[in-house]
file structure-v9.cif (mmCIF, C-alpha atoms)
data_work
loop_
_atom_site.label_atom_id
_atom_site.label_comp_id
_atom_site.auth_asym_id
_atom_site.auth_seq_id
_atom_site.Cartn_x
_atom_site.Cartn_y
_atom_site.Cartn_z
CA PRO A 1 34.17 20.49 11.26
CA LEU A 2 32.55 23.81 12.03
CA ARG A 3 34.80 26.60 13.26
CA ARG A 4 34.23 29.68 15.37
CA GLY A 5 33.51 32.86 13.38
CA SER A 6 31.32 35.97 13.16
CA ARG A 7 27.60 36.43 13.94
CA HIS A 8 24.74 37.35 11.62
CA ASP A 9 20.96 37.11 11.72
CA ARG A 10 19.18 34.18 10.11
CA SER A 11 15.82 33.91 8.37
CA ALA A 12 14.12 31.56 5.90
CA PRO A 13 10.58 30.27 5.42
CA ALA A 14 9.57 26.90 6.81
CA THR A 15 8.83 24.23 4.23
CA LEU A 16 5.51 22.53 3.71
CA ALA A 17 7.21 19.13 3.57
CA ALA A 18 8.80 19.62 6.98
CA ARG A 19 5.52 20.84 8.49
CA ASP A 20 3.76 17.74 7.15
CA LEU A 21 6.49 15.56 8.67
CA ARG A 22 6.12 17.31 12.01
CA ARG A 23 2.36 16.77 12.03
CA SER A 24 2.76 13.12 11.06
CA VAL A 25 4.63 12.43 14.32
CA ALA A 26 2.83 14.98 16.50
CA ALA A 27 1.16 12.20 18.49
CA LEU A 28 4.49 11.58 20.17
CA VAL A 29 4.22 13.43 23.50
CA VAL A 30 7.54 14.47 24.99
CA THR A 31 7.86 17.39 27.38
CA ALA A 32 10.66 19.92 26.97
CA SER A 33 12.10 18.91 30.35
CA GLN A 34 12.16 15.23 29.36
CA HIS A 35 13.81 16.11 26.07
CA ARG A 36 16.41 18.36 27.72
CA ALA A 37 17.23 15.65 30.26
CA ALA A 38 18.10 13.35 27.35
CA ALA A 39 20.64 15.82 25.91
CA PRO A 40 23.67 13.50 26.42
CA ALA A 41 21.92 10.72 24.51
CA ARG A 42 20.86 13.12 21.75
CA ILE A 43 24.43 14.39 21.41
CA ALA A 44 25.68 10.80 21.23
CA VAL A 45 23.28 9.93 18.40
CA TYR A 46 24.23 13.05 16.45
CA THR A 47 27.92 12.20 16.91
CA HIS A 48 27.43 8.62 15.73
CA LEU A 49 25.44 9.78 12.70
CA VAL A 50 28.30 12.09 11.72
CA ASP A 51 30.73 9.18 11.99
CA VAL A 52 28.71 6.66 9.99
CA LEU A 53 27.87 9.15 7.21
CA LEU A 54 31.50 10.04 6.55
CA TYR A 55 33.78 7.79 4.50
CA PRO A 56 34.62 4.78 6.69
CA ASP A 57 38.07 5.04 8.23
CA GLU A 58 39.90 2.42 10.26
CA ALA A 59 38.67 3.84 13.58
CA LEU A 60 35.05 3.44 12.51
CA LEU A 61 35.64 -0.04 11.14
CA GLU A 62 37.29 -1.15 14.37
CA SER A 63 34.39 0.21 16.43
CA VAL A 64 32.02 -1.75 14.19
CA ARG A 65 34.05 -4.97 14.34
CA SER A 66 34.41 -4.76 18.12
CA GLY A 67 30.70 -4.09 18.62
CA ARG A 68 31.38 -0.78 20.41
CA LEU A 69 29.48 1.29 17.85
CA ALA A 70 26.36 -0.87 17.98
CA ALA A 71 26.44 -0.97 21.79
CA SER A 72 26.88 2.78 22.10
CA ILE A 73 24.05 3.53 19.69
CA ARG A 74 21.77 1.06 21.49
CA GLU A 75 22.56 2.67 24.83
CA ALA A 76 21.91 6.19 23.54
CA ALA A 77 18.67 5.13 21.86
CA SER A 78 17.46 3.54 25.09
CA LEU A 79 17.87 6.86 26.91
CA LEU A 80 15.85 8.94 24.48
CA PRO A 81 12.31 9.99 25.49
CA TYR A 82 10.87 8.42 22.33
CA ALA A 83 11.28 5.04 20.63
CA LEU A 84 14.27 4.66 18.30
CA GLU A 85 15.34 1.37 16.73
CA PRO A 86 19.16 1.40 16.43
CA GLY A 87 19.48 -1.06 13.52
CA ALA A 88 22.24 -3.44 12.42
CA PHE A 89 25.41 -1.47 13.08
CA ASP A 90 27.42 -4.60 13.78
CA ALA A 91 26.77 -5.96 10.29
CA VAL A 92 30.07 -5.42 8.45
CA PRO A 93 32.06 -8.06 6.54
CA ALA A 94 35.46 -9.15 7.84
CA ASP A 95 37.28 -7.31 5.02
CA GLY A 96 36.06 -4.04 6.51
CA GLU A 97 37.00 -1.09 4.35
CA LEU A 98 37.19 -3.25 1.23
CA ALA A 99 33.51 -3.93 1.80
CA LEU A 100 32.18 -0.62 3.16
CA GLY A 101 34.42 1.86 1.31
CA PRO A 102 33.29 0.99 -2.22
CA HIS A 103 29.68 0.85 -1.06
CA TYR A 104 30.02 4.35 0.42
CA ILE A 105 31.37 5.65 -2.89
CA ARG A 106 28.66 3.84 -4.86
CA LEU A 107 25.85 5.15 -2.67
CA PHE A 108 26.99 8.67 -1.86
CA ASP A 109 30.26 9.84 -3.32
CA VAL A 110 30.68 9.26 -7.07
CA PRO A 111 31.01 12.41 -9.28
CA ALA A 112 28.12 14.84 -8.79
CA GLN A 113 26.33 14.15 -12.06
CA GLY A 114 26.04 10.47 -11.24
CA THR A 115 25.62 10.40 -7.46
CA PRO A 116 22.59 8.23 -6.63
CA CYS A 117 22.18 9.85 -3.19
CA PRO A 118 24.42 12.86 -2.50
CA LEU A 119 24.91 13.73 1.14
CA TYR A 120 24.47 17.41 0.31
CA GLY A 121 21.00 18.63 1.20
CA GLY A 122 20.85 21.35 -1.41
CA ALA A 123 21.48 18.74 -4.11
CA LEU A 124 18.39 16.76 -3.05
CA GLY A 125 15.94 19.33 -4.41
CA GLY A 126 15.22 23.04 -4.30
CA ASP A 127 17.64 25.94 -4.61
CA ARG A 128 21.04 24.77 -3.38
CA ARG A 129 22.50 28.26 -3.20
CA ALA A 130 19.60 29.47 -1.03
CA THR A 131 19.97 26.37 1.16
CA MET A 132 23.67 26.99 1.75
CA GLU A 133 23.12 30.69 2.40
CA ASP A 134 20.44 29.92 4.99
CA LEU A 135 22.68 27.39 6.75
CA LEU A 136 25.58 29.84 6.76
CA ARG A 137 23.32 32.36 8.49
CA PHE A 138 22.59 29.77 11.19
CA TYR A 139 26.29 28.93 11.65
CA ARG A 140 27.35 32.58 11.82
CA HIS A 141 24.55 33.49 14.21
CA PHE A 142 26.04 31.03 16.69
CA GLY A 143 29.63 32.12 16.02
CA LEU A 144 30.62 29.23 13.74
CA SER A 145 32.12 29.06 10.27
CA VAL A 146 33.16 26.51 7.63
CA VAL A 147 35.68 28.90 6.03
CA HIS A 148 38.74 27.10 7.40
CA ALA A 149 37.28 23.61 7.29
CA GLU A 150 38.15 20.95 4.73
CA ASP A 151 37.25 21.76 1.11
CA ARG A 152 34.48 19.18 1.06
CA ASP A 153 32.95 20.45 4.32
CA VAL A 154 30.40 22.66 2.56
CA PRO A 155 27.46 24.23 4.46
CA ASP A 156 24.84 21.74 3.25
CA SER A 157 26.90 18.61 3.89
CA VAL A 158 24.67 16.30 5.95
CA PRO A 159 27.49 15.45 8.42
CA THR A 160 28.17 19.19 8.85
CA VAL A 161 24.50 19.91 9.62
CA LEU A 162 24.41 16.97 12.04
CA GLU A 163 27.54 18.28 13.77
CA PHE A 164 25.91 21.71 14.07
CA LEU A 165 22.77 20.25 15.60
CA GLY A 166 24.84 18.30 18.10
CA TYR A 167 26.60 21.55 19.00
CA LEU A 168 23.24 23.25 19.57
CA VAL A 169 22.19 20.42 21.89
CA MET A 170 25.42 20.88 23.86
CA ARG A 171 24.69 24.60 24.17
CA GLU A 172 21.13 23.79 25.24
CA GLN A 173 22.44 21.36 27.86
CA ASP A 174 24.93 23.86 29.26
CA SER A 175 22.50 26.81 29.38
CA PRO A 176 20.13 27.84 32.17
CA GLU A 177 16.50 27.08 31.41
CA ALA A 178 15.75 30.71 30.52
CA LYS A 179 18.31 30.61 27.69
CA ALA A 180 17.96 27.00 26.58
CA GLY A 181 14.92 27.88 24.48
CA THR A 182 17.13 29.82 22.06
CA PHE A 183 19.06 26.67 21.21
CA ARG A 184 15.94 24.51 21.07
CA ARG A 185 14.26 26.90 18.63
CA ALA A 186 17.38 26.89 16.47
CA GLN A 187 17.39 23.08 16.38
CA HIS A 188 13.72 23.06 15.44
CA ASP A 189 14.29 25.57 12.64
CA VAL A 190 17.27 23.70 11.15
CA LEU A 191 15.38 20.42 11.25
CA GLU A 192 12.19 21.86 9.80
CA ARG A 193 13.82 23.90 7.04
CA HIS A 194 16.50 21.40 6.09
CA LEU A 195 17.27 18.03 7.66
CA ALA A 196 13.64 16.92 8.12
CA ARG A 197 13.22 17.38 4.35
CA TRP A 198 16.42 15.59 3.41
CA ALA A 199 16.43 12.58 5.75
CA PRO A 200 13.40 10.74 4.29
CA ILE A 201 14.70 11.34 0.75
CA ILE A 202 18.10 9.91 1.67
CA ALA A 203 16.60 6.87 3.41
CA ALA A 204 14.22 6.16 0.52
CA ARG A 205 16.89 6.51 -2.17
CA VAL A 206 19.44 4.37 -0.37
CA ALA A 207 16.84 1.65 0.28
CA LYS A 208 16.42 1.30 -3.50
CA LEU A 209 20.17 0.95 -4.17
CA ASP A 210 20.77 -2.47 -2.61
CA PRO A 211 22.81 -1.08 0.30
CA PRO A 212 24.76 -3.21 2.75
CA ALA A 213 23.00 -3.59 6.10
CA PHE A 214 25.32 -1.00 7.67
CA TYR A 215 24.24 1.82 5.35
CA ALA A 216 20.62 0.75 5.37
CA ALA A 217 20.76 1.06 9.16
CA SER A 218 22.65 4.37 9.02
CA THR A 219 20.18 6.13 6.75
CA LYS A 220 17.15 4.68 8.54
CA LEU A 221 18.56 5.84 11.87
CA LEU A 222 19.03 9.31 10.37
CA ASP A 223 15.41 9.45 9.23
CA ASP A 224 13.93 8.01 12.42
CA PHE A 225 16.04 10.17 14.74
CA VAL A 226 15.25 13.35 12.82
CA ARG A 227 11.54 12.52 13.01
CA GLY A 228 11.76 12.00 16.75
CA GLU A 229 13.75 15.18 17.33
CA ALA A 230 11.47 17.28 15.11
CA ALA A 231 8.39 16.02 16.92
CA ALA A 232 9.84 16.63 20.39
CA LEU A 233 11.10 20.11 19.55
CA ALA A 234 7.78 21.08 17.94
CA GLN A 235 6.11 20.59 21.31
CA GLY A 236 8.16 23.24 23.07
#
call {"tool": "encode", "arguments": {"input": "structure-v9.cif", "output": "structure tokens"}}
result
Amino acid sequence: PLRRGSRHDRSAPATLAARDLRRSVAALVVTASQHRAAAPARIAVYTHLVDVLLYPDEALLESVRSGRLAASIREAASLLPYALEPGAFDAVPADGELALGPHYIRLFDVPAQGTPCPLYGGALGGDRRATMEDLLRFYRHFGLSVVHAEDRDVPDSVPTVLEFLGYLVMREQDSPEAKAGTFRRAQHDVLERHLARWAPIIAARVAKLDPPAFYAASTKLLDDFVRGEAAALAQG
């Protein structure tokens, strides 16, 4: 998890790929007030994405088996100001971790040189060092740090970036309208520079690796949600 820390400025150029993605969904018309009103649902989706893109523990497996995860994601998706298909999050075999754990390792977490789809954005293309430095500038600007987090919680970890975006939505939700724009612009910048580039790559790679329905749904939800958020934030 992200931790509180010092502040610094942030700056990095927007990417052509992210701008193309934004334009491709620009027809989606969502006002800033509609989007802000959906902050609790947006936070819920970010939180669920963090959970499903970490190694599956018993708490996650129980929420899947009981149907709570699928129901919560469906409810959050229904409250968003744009269409989002939640996917098959109740599709997990009875042996739980024995089924999902090895699939997680096969898809995301084998040694770096052989990982089919690493959940580290800087490893998906481009300059990883520059990517991590840019993300650190974002975290520090908002008083957060990964210095005391777990060893594997590196700046470009997809769950870490999702957690940060959820934090920005919480700050947006809790701020008066005059200050909320700061947090909305930060979300837009992180999505455009980073997650909007990574999400379609992750979804496309995983789709080619014969994933179980749970991880097919997880990575598709990531891509679709990021597209919806990027489009809404681009409009103000």
call {"tool": "closest_atom_pairs", "arguments": {"input": "structure-v9.cif", "of": "range 89-193 of chain A", "to": "range 46-64 of chain A", "cutoff": "6 Å", "atoms": "all atoms listed in the file", "output": "CSV"}}
result
residue,atom,partner,partner_atom,distance
A:Asp90,CA,A:Val64,CA,5.4
A:Pro159,CA,A:Val50,CA,4.8
A:Leu162,CA,A:Tyr46,CA,5.9
A:Gly166,CA,A:Tyr46,CA,5.5
call {"tool": "residues_around", "arguments": {"input": "structure-v9.cif", "residues": "Ala71 in chain A", "least_positions_apart": "5", "cutoff": "12 Å", "atoms": "only C-alpha atoms", "output": "PyMOL selection string"}}
result
chain A and resi 44-45+48+63-66+76-78+86-90
call {"tool": "write_last_selection", "arguments": {"input": "structure-v9.cif", "atoms": "C-alpha atoms", "output": "compact mmCIF listing (two decimals), in the coordinates of the input"}}
result
# COMPACT_ATOMS: atom_id res chain seq x y z
CA ALA A 44 25.68 10.80 21.23
CA VAL A 45 23.28 9.93 18.40
CA HIS A 48 27.43 8.62 15.73
CA SER A 63 34.39 0.21 16.43
CA VAL A 64 32.02 -1.75 14.19
CA ARG A 65 34.05 -4.97 14.34
CA SER A 66 34.41 -4.76 18.12
CA ALA A 76 21.91 6.19 23.54
CA ALA A 77 18.67 5.13 21.86
CA SER A 78 17.46 3.54 25.09
CA PRO A 86 19.16 1.40 16.43
CA GLY A 87 19.48 -1.06 13.52
CA ALA A 88 22.24 -3.44 12.42
CA PHE A 89 25.41 -1.47 13.08
CA ASP A 90 27.42 -4.60 13.78
call {"tool": "atom_distance", "arguments": {"input": "structure-v9.cif", "atom1": "CA of Pro81 in chain A", "atom2": "CA of Leu165 in chain A"}}
result
17.7 Å
call {"tool": "residues_around", "arguments": {"input": "structure-v9.cif", "residues": "range 153-155 of chain A", "least_positions_apart": "3", "cutoff": "12 Å", "atoms": "all atoms listed in the file", "output": "JSON, numbers by chain"}}
result
{"A": [1, 2, 3, 54, 119, 120, 121, 122, 123, 128, 129, 130, 131, 132, 133, 134, 135, 136, 137, 138, 139, 140, 144, 145, 146, 147, 148, 149, 150, 158, 159, 160, 161, 162, 163, 164, 194]}
call {"tool": "resolve_selection", "arguments": {"input": "structure-v9.cif", "expression": "the PyMOL selection byres ((chain A and resi 220) around 12)", "output": "number ranges by chain"}}
result
A: 49, 52-53, 84-89, 199-207, 211, 213-219, 221-227
call {"tool": "atom_distance", "arguments": {"input": "structure-v9.cif", "atom1": "CA of Leu168 in chain A", "atom2": "CA of Arg185 in chain A"}}
result
9.7 Å
call {"tool": "closest_residue", "arguments": {"input": "structure-v9.cif", "among": "A:Ala37, A:Ala32, A:Ala178, A:Val190", "to": "Leu80 in chain A", "atoms": "all atoms listed in the file"}}
result
A:Ala37
call {"tool": "atom_distance", "arguments": {"input": "structure-v9.cif", "atom1": "CA of Trp198 in chain A", "atom2": "CA of Leu124 in chain A"}}
result
6.9 Å
call {"tool": "closest_residue", "arguments": {"input": "structure-v9.cif", "among": "A:Gln187, A:Gln173, A:Thr182, A:Gln235", "to": "Arg36 in chain A", "atoms": "all atoms listed in the file"}}
result
A:Gln173
call {"tool": "closest_residue", "arguments": {"input": "structure-v9.cif", "among": "A:Pro102, A:Gly228, A:Pro40, A:Pro116", "to": "Leu79 in chain A", "atoms": "all atoms listed in the file"}}
result
A:Pro40
call {"tool": "resolve_selection", "arguments": {"input": "structure-v9.cif", "expression": "the PyMOL selection byres ((chain A and resi 233) around 10)", "output": "MDAnalysis selection string"}}
result
chainID A and resid 22 30:32 35:36 181 184:189 191:192 228:232 234:236
call {"tool": "decode", "arguments": {"input": "structure-v9.cif", "residues": "range 191-205 of chain A", "atoms": "N, CA, C and O atoms", "output": "compact mmCIF listing (two decimals), in the first residue's frame"}}
result
# COMPACT_ATOMS: atom_id res chain seq x y z
N LEU A 191 -3.87 8.34 -15.67
CA LEU A 191 -4.49 7.45 -16.65
C LEU A 191 -3.87 7.64 -18.03
O LEU A 191 -3.47 6.67 -18.69
N GLU A 192 -3.75 8.88 -18.47
CA GLU A 192 -3.27 9.15 -19.82
C GLU A 192 -1.81 8.75 -20.00
O GLU A 192 -1.43 8.17 -21.02
N ARG A 193 -0.99 9.06 -19.02
CA ARG A 193 0.44 8.77 -19.13
C ARG A 193 0.78 7.30 -18.90
O ARG A 193 1.78 6.81 -19.42
N HIS A 194 -0.06 6.62 -18.10
CA HIS A 194 0.33 5.29 -17.65
C HIS A 194 -0.77 4.24 -17.85
O HIS A 194 -0.69 3.42 -18.76
N LEU A 195 -1.78 4.24 -17.00
CA LEU A 195 -2.69 3.10 -16.97
C LEU A 195 -3.50 2.94 -18.24
O LEU A 195 -3.82 1.81 -18.64
N ALA A 196 -3.83 4.03 -18.93
CA ALA A 196 -4.56 3.90 -20.19
C ALA A 196 -3.70 3.27 -21.28
O ALA A 196 -4.23 2.75 -22.27
N ARG A 197 -2.39 3.32 -21.14
CA ARG A 197 -1.49 2.62 -22.07
C ARG A 197 -1.37 1.15 -21.70
O ARG A 197 -1.29 0.28 -22.57
N TRP A 198 -1.32 0.87 -20.41
CA TRP A 198 -1.07 -0.50 -19.98
C TRP A 198 -2.30 -1.40 -20.07
O TRP A 198 -2.17 -2.58 -20.42
N ALA A 199 -3.47 -0.88 -19.71
CA ALA A 199 -4.66 -1.73 -19.57
C ALA A 199 -5.01 -2.51 -20.84
O ALA A 199 -5.27 -3.71 -20.76
N PRO A 200 -5.02 -1.87 -22.02
CA PRO A 200 -5.34 -2.66 -23.22
C PRO A 200 -4.29 -3.71 -23.55
O PRO A 200 -4.61 -4.77 -24.08
N ILE A 201 -3.03 -3.43 -23.23
CA ILE A 201 -1.96 -4.41 -23.45
C ILE A 201 -2.18 -5.62 -22.55
O ILE A 201 -2.09 -6.77 -22.99
N ILE A 202 -2.47 -5.36 -21.28
CA ILE A 202 -2.71 -6.45 -20.33
C ILE A 202 -3.90 -7.29 -20.76
O ILE A 202 -3.82 -8.53 -20.80
N ALA A 203 -5.00 -6.64 -21.11
CA ALA A 203 -6.20 -7.39 -21.51
C ALA A 203 -5.95 -8.23 -22.76
O ALA A 203 -6.37 -9.39 -22.83
N ALA A 204 -5.24 -7.66 -23.73
CA ALA A 204 -4.97 -8.38 -24.97
C ALA A 204 -4.03 -9.56 -24.74
O ALA A 204 -4.24 -10.65 -25.29
N ARG A 205 -3.00 -9.37 -23.94
CA ARG A 205 -2.05 -10.46 -23.68
C ARG A 205 -2.72 -11.60 -22.92
O ARG A 205 -2.54 -12.77 -23.26
